[in-house]
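A.B. asks: Before anything else, here's the structure in question.
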Amino acid sequence: MNRKLFAIFGNPVSHSISPLMHNYALRGLGIDGCYTRYRLENGEKLKEKFLSLQLSAINITVPHKESAYAACDVIRGIANEIKAVNTIVNANGKLIGYNTDAPGFLKSALSFGKISSVAILGAGGTAKALAAIFRENNIAVTIINRSEGRLHFFKERGYSTMTWDAYTPFSCDLVVNTTSAGLEEAALPAPEEMMEKLFSNTKYAIDVIYNKETPFLQLAKEKNIPAKDGSEMLLYQGVIAFNHFFDNQYEEDEIEKWMRKAFS
Ligand code: NDP
């Protein structure tokens with residue numbers, strides 16, 4: 001069988017735009033392949049399902065990125081640090097795992113210009129991935145979270161951290177919202193007074209939430225700060241994943257050109 005099959009595993013997964021992005025790229029590049037979605041309930045079954053469906057490679061979304069990490073035979077790159085995998089390639093029965101969310105985000109952030117310091121709002125899975133890639137690129141990171149609990153992970157690894165209560169203003173090049181505030185309800189990711197101070201001391205802002213003008217992005221706009229949502233991160237993680245699927249044989253710009261059609 002020459003036709004290659006790909007999928008995104010997640011739960012829920014029906015909203016995912018990944019099939020559209022990857023199918024545009026497959027078609028545009030003239031590859032005999034098809035990318036579908038699979039709702040996986042039990043993360044422990046990930047490897048079994050992947051192999052029994054005879055897939056060449058998969059992407060993994062919430063809530064299975066940690067299970068995907070555990071299912072791999074080999075972990076490459078920054079995923080070793082993050083301990084979460086969103087891309088797995090089947091190399092002759094061996095599962096090779098990568099994290100492309102982090103480099104995808106970095107590419108999106110660096111398109112603003114030079115970044116030397118970042119404030120990350122939130123301390124969940126996305127914050128872990130971004131902190132790791134920033135550190136790897138010698139960018140100073142401060143994690144700000146509403147509560148103490150999740151900050152321990154970052155403290156243990158030597159990151160600068162603060163809760164809302166402990167916040168004192170500092171300058172940075174970029175403020176990133178990795179909380180889910182703004183996703184369901186119109187809420188800022190931190191008290192308004194604190195957001196005002198953060199935006200008065202930064203050059204750029206990114207919200208990882210995509211396809212939505214969140215209160216975070218609205219406030220950045222009011223303050224005339226160049227800002228963007230998470231669509232580019234989503235696009236670039238897909239471009240980098242696609243290149244892992246095909247052993248880097250395509251130009252990133254060419255893949256991006258086709259995948260962008262999914263956003264128009
Ligand atoms: P997690 O559930 O792992 O972490 C959530 C974090 O947000 C916690 O630190 C939590 O604080 C904080 N938080 C939640 N609600 C609020 C609130 N109302 N106000 C302030 N802080 C809050 O989430 P993930 O890291 O997995 O995902 C976060 C976001 O990233 C989601 O919106 C997701 O859609 C988006 N995302 C986008 C991607 C893209 O490609 N663009 C890729 C991956 C994720 P506390 O510890 O106090 O509870």
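We label chains A, B, ... in the order they appear in the structure tokens, count residues from 1 in each chain, and number ligands from 1 in the order shown.
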Find the residues near ligand 1. Use a cut-off of 9 Å, count only C-alpha atoms and all ligand atoms, and write them as number ranges by chain.
C.D. replies: A: 61-63, 101-102, 104-105, 121-129, 144-151, 163, 177-185, 187-191, 207-210, 229-238
A.B. asks: Show me, as a PyMOL selection string, the residues that have an atom within 12 Å of Glu66 in chain A when counting only C-alpha atoms, minus same-chain residues fewer than 4 positions from it.
C.D. replies: chain A and resi 10+43-44+46+60-62+70-72+79-80+82-87+97-99+125+129
A.B. asks: Write a file of the selected residues as a short mmCIF file (atom, residue, chain, number, x, y, z; two decimals), in the first residue's frame, keeping all heavy atoms.
C.D. replies:
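Once everything was written out, this is out_20.cif:
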data_model
loop_
_atom_site.label_atom_id
_atom_site.label_comp_id
_atom_site.auth_asym_id
_atom_site.auth_seq_id
_atom_site.Cartn_x
_atom_site.Cartn_y
_atom_site.Cartn_z
N GLY A 10 -7.31 12.79 19.71
CA GLY A 10 -7.65 13.69 20.81
C GLY A 10 -9.02 13.35 21.33
O GLY A 10 -9.69 12.44 20.83
N GLY A 43 -6.06 7.10 26.74
CA GLY A 43 -4.70 7.40 26.28
C GLY A 43 -3.78 6.18 26.30
O GLY A 43 -2.83 6.10 25.52
N GLU A 44 -4.08 5.21 27.19
CA GLU A 44 -3.22 4.03 27.28
C GLU A 44 -3.32 3.15 26.04
O GLU A 44 -2.48 2.29 25.79
CB GLU A 44 -3.59 3.22 28.52
CG GLU A 44 -3.08 3.90 29.77
CD GLU A 44 -3.48 3.19 31.03
OE1 GLU A 44 -3.84 1.99 30.98
OE2 GLU A 44 -3.44 3.84 32.10
N LEU A 46 -3.23 4.35 23.00
CA LEU A 46 -2.74 5.14 21.87
C LEU A 46 -1.86 4.33 20.91
O LEU A 46 -2.10 4.30 19.70
CB LEU A 46 -1.99 6.36 22.41
CG LEU A 46 -1.54 7.39 21.38
CD1 LEU A 46 -1.70 8.80 21.92
CD2 LEU A 46 -0.08 7.18 21.00
N ILE A 60 -1.16 14.59 18.15
CA ILE A 60 -1.91 14.30 19.36
C ILE A 60 -2.30 15.64 19.99
O ILE A 60 -1.48 16.54 20.12
CB ILE A 60 -1.07 13.49 20.37
CG1 ILE A 60 -0.57 12.21 19.71
CG2 ILE A 60 -1.87 13.19 21.63
CD1 ILE A 60 0.80 12.27 19.11
N THR A 61 -3.58 15.73 20.37
CA THR A 61 -4.02 16.94 21.07
C THR A 61 -4.60 16.57 22.43
O THR A 61 -4.55 15.40 22.84
CB THR A 61 -5.00 17.75 20.17
OG1 THR A 61 -5.25 19.01 20.82
CG2 THR A 61 -6.30 17.04 19.91
N VAL A 62 -5.13 17.57 23.12
CA VAL A 62 -5.66 17.41 24.48
C VAL A 62 -6.63 16.24 24.54
O VAL A 62 -7.45 16.10 23.64
CB VAL A 62 -6.40 18.73 24.86
CG1 VAL A 62 -7.02 18.62 26.24
CG2 VAL A 62 -5.44 19.91 24.79
N ALA A 70 4.59 8.87 26.73
CA ALA A 70 4.85 7.57 27.35
C ALA A 70 4.83 6.44 26.33
O ALA A 70 5.50 5.42 26.52
CB ALA A 70 3.82 7.32 28.45
N ALA A 71 4.08 6.60 25.25
CA ALA A 71 3.90 5.52 24.27
C ALA A 71 5.08 5.38 23.31
O ALA A 71 5.22 4.37 22.63
CB ALA A 71 2.62 5.76 23.47
N CYS A 72 5.93 6.40 23.24
CA CYS A 72 6.99 6.41 22.22
C CYS A 72 8.18 5.51 22.58
O CYS A 72 8.50 5.32 23.75
CB CYS A 72 7.50 7.84 22.01
SG CYS A 72 6.31 8.85 21.15
N ALA A 79 10.97 17.73 23.23
CA ALA A 79 9.96 16.88 23.89
C ALA A 79 10.55 16.16 25.10
O ALA A 79 9.85 15.87 26.07
CB ALA A 79 9.38 15.87 22.91
N ASN A 80 11.87 15.92 25.07
CA ASN A 80 12.54 15.29 26.21
C ASN A 80 12.42 16.15 27.46
O ASN A 80 12.33 15.65 28.58
CB ASN A 80 14.03 15.09 25.90
CG ASN A 80 14.25 13.87 25.03
OD1 ASN A 80 13.93 12.76 25.42
ND2 ASN A 80 14.79 14.09 23.84
N ILE A 82 10.03 18.72 27.82
CA ILE A 82 8.63 19.05 28.09
C ILE A 82 7.85 17.85 28.62
O ILE A 82 6.89 17.98 29.35
CB ILE A 82 7.96 19.60 26.80
CG1 ILE A 82 8.72 20.84 26.28
CG2 ILE A 82 6.50 19.95 27.02
CD1 ILE A 82 8.35 21.23 24.87
N LYS A 83 8.26 16.66 28.18
CA LYS A 83 7.60 15.40 28.54
C LYS A 83 6.16 15.34 28.03
O LYS A 83 5.26 14.79 28.67
CB LYS A 83 7.68 15.12 30.04
CG LYS A 83 9.09 15.31 30.59
CD LYS A 83 9.47 14.28 31.60
CE LYS A 83 10.88 14.48 32.14
NZ LYS A 83 11.92 14.42 31.10
N ALA A 84 5.95 15.98 26.90
CA ALA A 84 4.65 15.92 26.22
C ALA A 84 4.94 15.89 24.72
O ALA A 84 5.83 16.60 24.25
CB ALA A 84 3.81 17.14 26.57
N VAL A 85 4.19 15.02 24.01
CA VAL A 85 4.44 14.79 22.59
C VAL A 85 3.17 15.11 21.80
O VAL A 85 2.09 14.70 22.19
CB VAL A 85 4.89 13.31 22.40
CG1 VAL A 85 4.58 12.78 21.02
CG2 VAL A 85 6.37 13.15 22.72
N ASN A 86 3.33 15.85 20.69
CA ASN A 86 2.15 16.11 19.85
C ASN A 86 2.32 15.56 18.43
O ASN A 86 1.43 15.75 17.59
CB ASN A 86 1.82 17.62 19.80
CG ASN A 86 2.76 18.36 18.88
OD1 ASN A 86 3.94 18.05 18.81
ND2 ASN A 86 2.24 19.32 18.14
N THR A 87 3.45 14.89 18.19
CA THR A 87 3.69 14.32 16.85
C THR A 87 4.41 12.99 17.02
O THR A 87 5.43 12.93 17.74
CB THR A 87 4.59 15.27 16.02
OG1 THR A 87 3.94 16.54 15.91
CG2 THR A 87 4.86 14.72 14.63
N GLY A 97 8.81 10.19 18.84
CA GLY A 97 7.97 11.30 19.31
C GLY A 97 8.66 12.65 19.30
O GLY A 97 9.86 12.75 19.59
N TYR A 98 7.89 13.69 18.94
CA TYR A 98 8.39 15.07 18.91
C TYR A 98 7.37 16.00 19.55
O TYR A 98 6.18 15.68 19.62
CB TYR A 98 8.56 15.56 17.46
CG TYR A 98 9.41 14.71 16.56
CD1 TYR A 98 8.86 13.61 15.88
CD2 TYR A 98 10.76 15.01 16.37
CE1 TYR A 98 9.64 12.84 15.02
CE2 TYR A 98 11.54 14.24 15.52
CZ TYR A 98 10.98 13.16 14.85
OH TYR A 98 11.75 12.40 14.01
N ASN A 99 7.83 17.16 19.96
CA ASN A 99 6.91 18.23 20.34
C ASN A 99 7.11 19.38 19.36
O ASN A 99 8.21 19.96 19.30
CB ASN A 99 7.15 18.72 21.78
CG ASN A 99 6.12 19.75 22.19
OD1 ASN A 99 6.01 20.80 21.57
ND2 ASN A 99 5.34 19.45 23.20
N GLY A 125 0.23 23.03 30.84
CA GLY A 125 1.03 22.29 29.85
C GLY A 125 1.65 23.20 28.80
O GLY A 125 2.82 23.03 28.44
N ALA A 129 5.77 23.97 27.88
CA ALA A 129 6.37 23.83 26.55
C ALA A 129 7.06 25.13 26.13
O ALA A 129 8.19 25.11 25.65
CB ALA A 129 5.29 23.45 25.53
#
A.B. asks: Check the smallest atom-to-atom distance from each of A:Thr168, A:Glu136, A:Ala262, A:Ile255 to Leu29 in chain A using only C-alpha atoms, then report the winner.
C.D. replies: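 When distances to Leu29 in chain A are compared using only C-alpha atoms, the smallest one comes from A:Ile255.
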A.B. asks: Could you give me the residues within range 14-154 of chain A that DSSP places in strand (DSSP E), as number ranges by chain?
C.D. replies: A: 33-39, 57-60, 74-75, 87-91, 94-98, 117-121, 140-145
A.B. asks: Identify which of the residues A:Gly158, A:Pro169, A:Gly113, A:Gly28 lies closest to Lys203 in chain A, counting only C-alpha atoms when measuring atom-to-atom distances.
C.D. replies: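 Looking only at the distances to Lys203 in chain A, the closest residue turns out to be A:Gly113.
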A.B. asks: What is the CA of Ala227 in chain A to CA of Arg157 in chain A distance in Å?
C.D. replies: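 Atom-to-atom, CA of Ala227 in chain A and CA of Arg157 in chain A are spaced 28.8 Å apart.
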A.B. asks: Extract, using only C-alpha atoms, all DNA, RNA and protein residues at most 12 Å from Pro226 in chain A, discarding same-chain residues fewer than 3 positions from it, and format them as number ranges by chain.
C.D. replies: A: 109, 111-113, 173-175, 199, 202-207, 217-223, 229
A.B. asks: What's the 10 Å shell around Glu254 in chain A, counting only C-alpha atoms, without same-chain residues fewer than 2 positions away, as a PDB file with C-alpha atoms, in the first residue's frame?
C.D. replies:
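After the write, selection-v5.pdb holds the following:
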ATOM      1  CA  ALA A  25      -0.507  20.296   2.094  1.00  0.00           C
ATOM      2  CA  GLY A  28      -0.754  20.732  -2.850  1.00  0.00           C
ATOM      3  CA  LEU A  29       2.518  18.810  -2.771  1.00  0.00           C
ATOM      4  CA  VAL A 239       4.290  22.738   9.242  1.00  0.00           C
ATOM      5  CA  TYR A 250       9.926  19.595   1.798  1.00  0.00           C
ATOM      6  CA  GLU A 251      10.600  23.323   2.168  1.00  0.00           C
ATOM      7  CA  GLU A 252       8.809  24.797   5.204  1.00  0.00           C
ATOM      8  CA  GLU A 256       3.120  26.728   4.936  1.00  0.00           C
ATOM      9  CA  LYS A 257       1.770  28.090   1.656  1.00  0.00           C
ATOM     10  CA  TRP A 258      -0.630  25.131   1.334  1.00  0.00           C
ATOM     11  CA  MET A 259      -1.558  24.902   5.019  1.00  0.00           C
TER      12      MET A 259
END
A.B. asks: Could you give me, as a PyMOL selection string, each residue of range 24-196 of chain A that DSSP assigns to alpha helix (DSSP H) when run on this structure's backbone?
C.D. replies: chain A and resi 24-28+46-52+65-71+79-82+101-110+125-136+151-156+192-196
A.B. asks: Write the residues of the selection above to a file with C-alpha atoms, as a PDB file, in the first residue's frame.
C.D. replies:
ATOM      1  CA  TYR A  24      -4.257  20.901   1.801  1.00  0.00           C
ATOM      2  CA  ALA A  25      -0.507  20.296   2.094  1.00  0.00           C
ATOM      3  CA  LEU A  26      -0.740  16.647   0.958  1.00  0.00           C
ATOM      4  CA  ARG A  27      -2.798  17.612  -2.069  1.00  0.00           C
ATOM      5  CA  GLY A  28      -0.754  20.732  -2.850  1.00  0.00           C
ATOM      6  CA  LEU A  46      -2.743   5.137  21.873  1.00  0.00           C
ATOM      7  CA  LYS A  47       0.045   2.877  20.616  1.00  0.00           C
ATOM      8  CA  GLU A  48      -2.278  -0.058  19.964  1.00  0.00           C
ATOM      9  CA  LYS A  49      -4.689   2.121  17.962  1.00  0.00           C
ATOM     10  CA  PHE A  50      -1.932   3.861  16.051  1.00  0.00           C
ATOM     11  CA  LEU A  51      -0.452   0.534  14.904  1.00  0.00           C
ATOM     12  CA  SER A  52      -3.746  -1.262  14.260  1.00  0.00           C
ATOM     13  CA  LYS A  65       0.057  14.566  24.955  1.00  0.00           C
ATOM     14  CA  GLU A  66       1.540  12.990  28.111  1.00  0.00           C
ATOM     15  CA  SER A  67       0.246   9.521  27.159  1.00  0.00           C
ATOM     16  CA  ALA A  68       1.770  10.041  23.721  1.00  0.00           C
ATOM     17  CA  TYR A  69       5.115  10.791  25.351  1.00  0.00           C
ATOM     18  CA  ALA A  70       4.854   7.569  27.353  1.00  0.00           C
ATOM     19  CA  ALA A  71       3.903   5.517  24.275  1.00  0.00           C
ATOM     20  CA  ALA A  79       9.956  16.883  23.889  1.00  0.00           C
ATOM     21  CA  ASN A  80      12.538  15.287  26.209  1.00  0.00           C
ATOM     22  CA  GLU A  81      12.375  18.424  28.334  1.00  0.00           C
ATOM     23  CA  ILE A  82       8.631  19.055  28.086  1.00  0.00           C
ATOM     24  CA  ASP A 101       3.970  23.113  19.667  1.00  0.00           C
ATOM     25  CA  ALA A 102       7.021  24.722  21.251  1.00  0.00           C
ATOM     26  CA  PRO A 103       9.096  25.409  18.095  1.00  0.00           C
ATOM     27  CA  GLY A 104       5.877  26.435  16.331  1.00  0.00           C
ATOM     28  CA  PHE A 105       5.230  29.043  18.977  1.00  0.00           C
ATOM     29  CA  LEU A 106       8.841  30.260  18.914  1.00  0.00           C
ATOM     30  CA  LYS A 107       8.691  30.796  15.162  1.00  0.00           C
ATOM     31  CA  SER A 108       5.485  32.796  15.579  1.00  0.00           C
ATOM     32  CA  ALA A 109       6.991  34.915  18.399  1.00  0.00           C
ATOM     33  CA  LEU A 110      10.249  35.635  16.554  1.00  0.00           C
ATOM     34  CA  GLY A 125       1.025  22.292  29.852  1.00  0.00           C
ATOM     35  CA  THR A 126       1.399  25.050  27.268  1.00  0.00           C
ATOM     36  CA  ALA A 127       3.410  27.222  29.669  1.00  0.00           C
ATOM     37  CA  LYS A 128       5.799  24.275  30.278  1.00  0.00           C
ATOM     38  CA  ALA A 129       6.368  23.830  26.552  1.00  0.00           C
ATOM     39  CA  LEU A 130       6.957  27.527  25.903  1.00  0.00           C
ATOM     40  CA  ALA A 131       9.227  27.990  28.921  1.00  0.00           C
ATOM     41  CA  ALA A 132      11.428  25.094  27.739  1.00  0.00           C
ATOM     42  CA  ILE A 133      11.852  26.410  24.198  1.00  0.00           C
ATOM     43  CA  PHE A 134      12.518  29.967  25.405  1.00  0.00           C
ATOM     44  CA  ARG A 135      15.164  28.747  27.816  1.00  0.00           C
ATOM     45  CA  GLU A 136      16.761  26.630  25.087  1.00  0.00           C
ATOM     46  CA  LEU A 151       4.449  27.136  39.992  1.00  0.00           C
ATOM     47  CA  HIS A 152       6.410  24.458  41.898  1.00  0.00           C
ATOM     48  CA  PHE A 153       7.292  22.682  38.665  1.00  0.00           C
ATOM     49  CA  PHE A 154       8.889  25.891  37.364  1.00  0.00           C
ATOM     50  CA  LYS A 155      10.577  26.858  40.632  1.00  0.00           C
ATOM     51  CA  GLU A 156      12.257  23.457  40.835  1.00  0.00           C
ATOM     52  CA  GLU A 192      -7.085  44.447  34.993  1.00  0.00           C
ATOM     53  CA  GLU A 193      -4.707  46.674  36.944  1.00  0.00           C
ATOM     54  CA  MET A 194      -1.977  44.068  36.630  1.00  0.00           C
ATOM     55  CA  MET A 195      -2.637  43.584  32.912  1.00  0.00           C
ATOM     56  CA  GLU A 196      -2.336  47.351  32.429  1.00  0.00           C
TER      57      GLU A 196
END
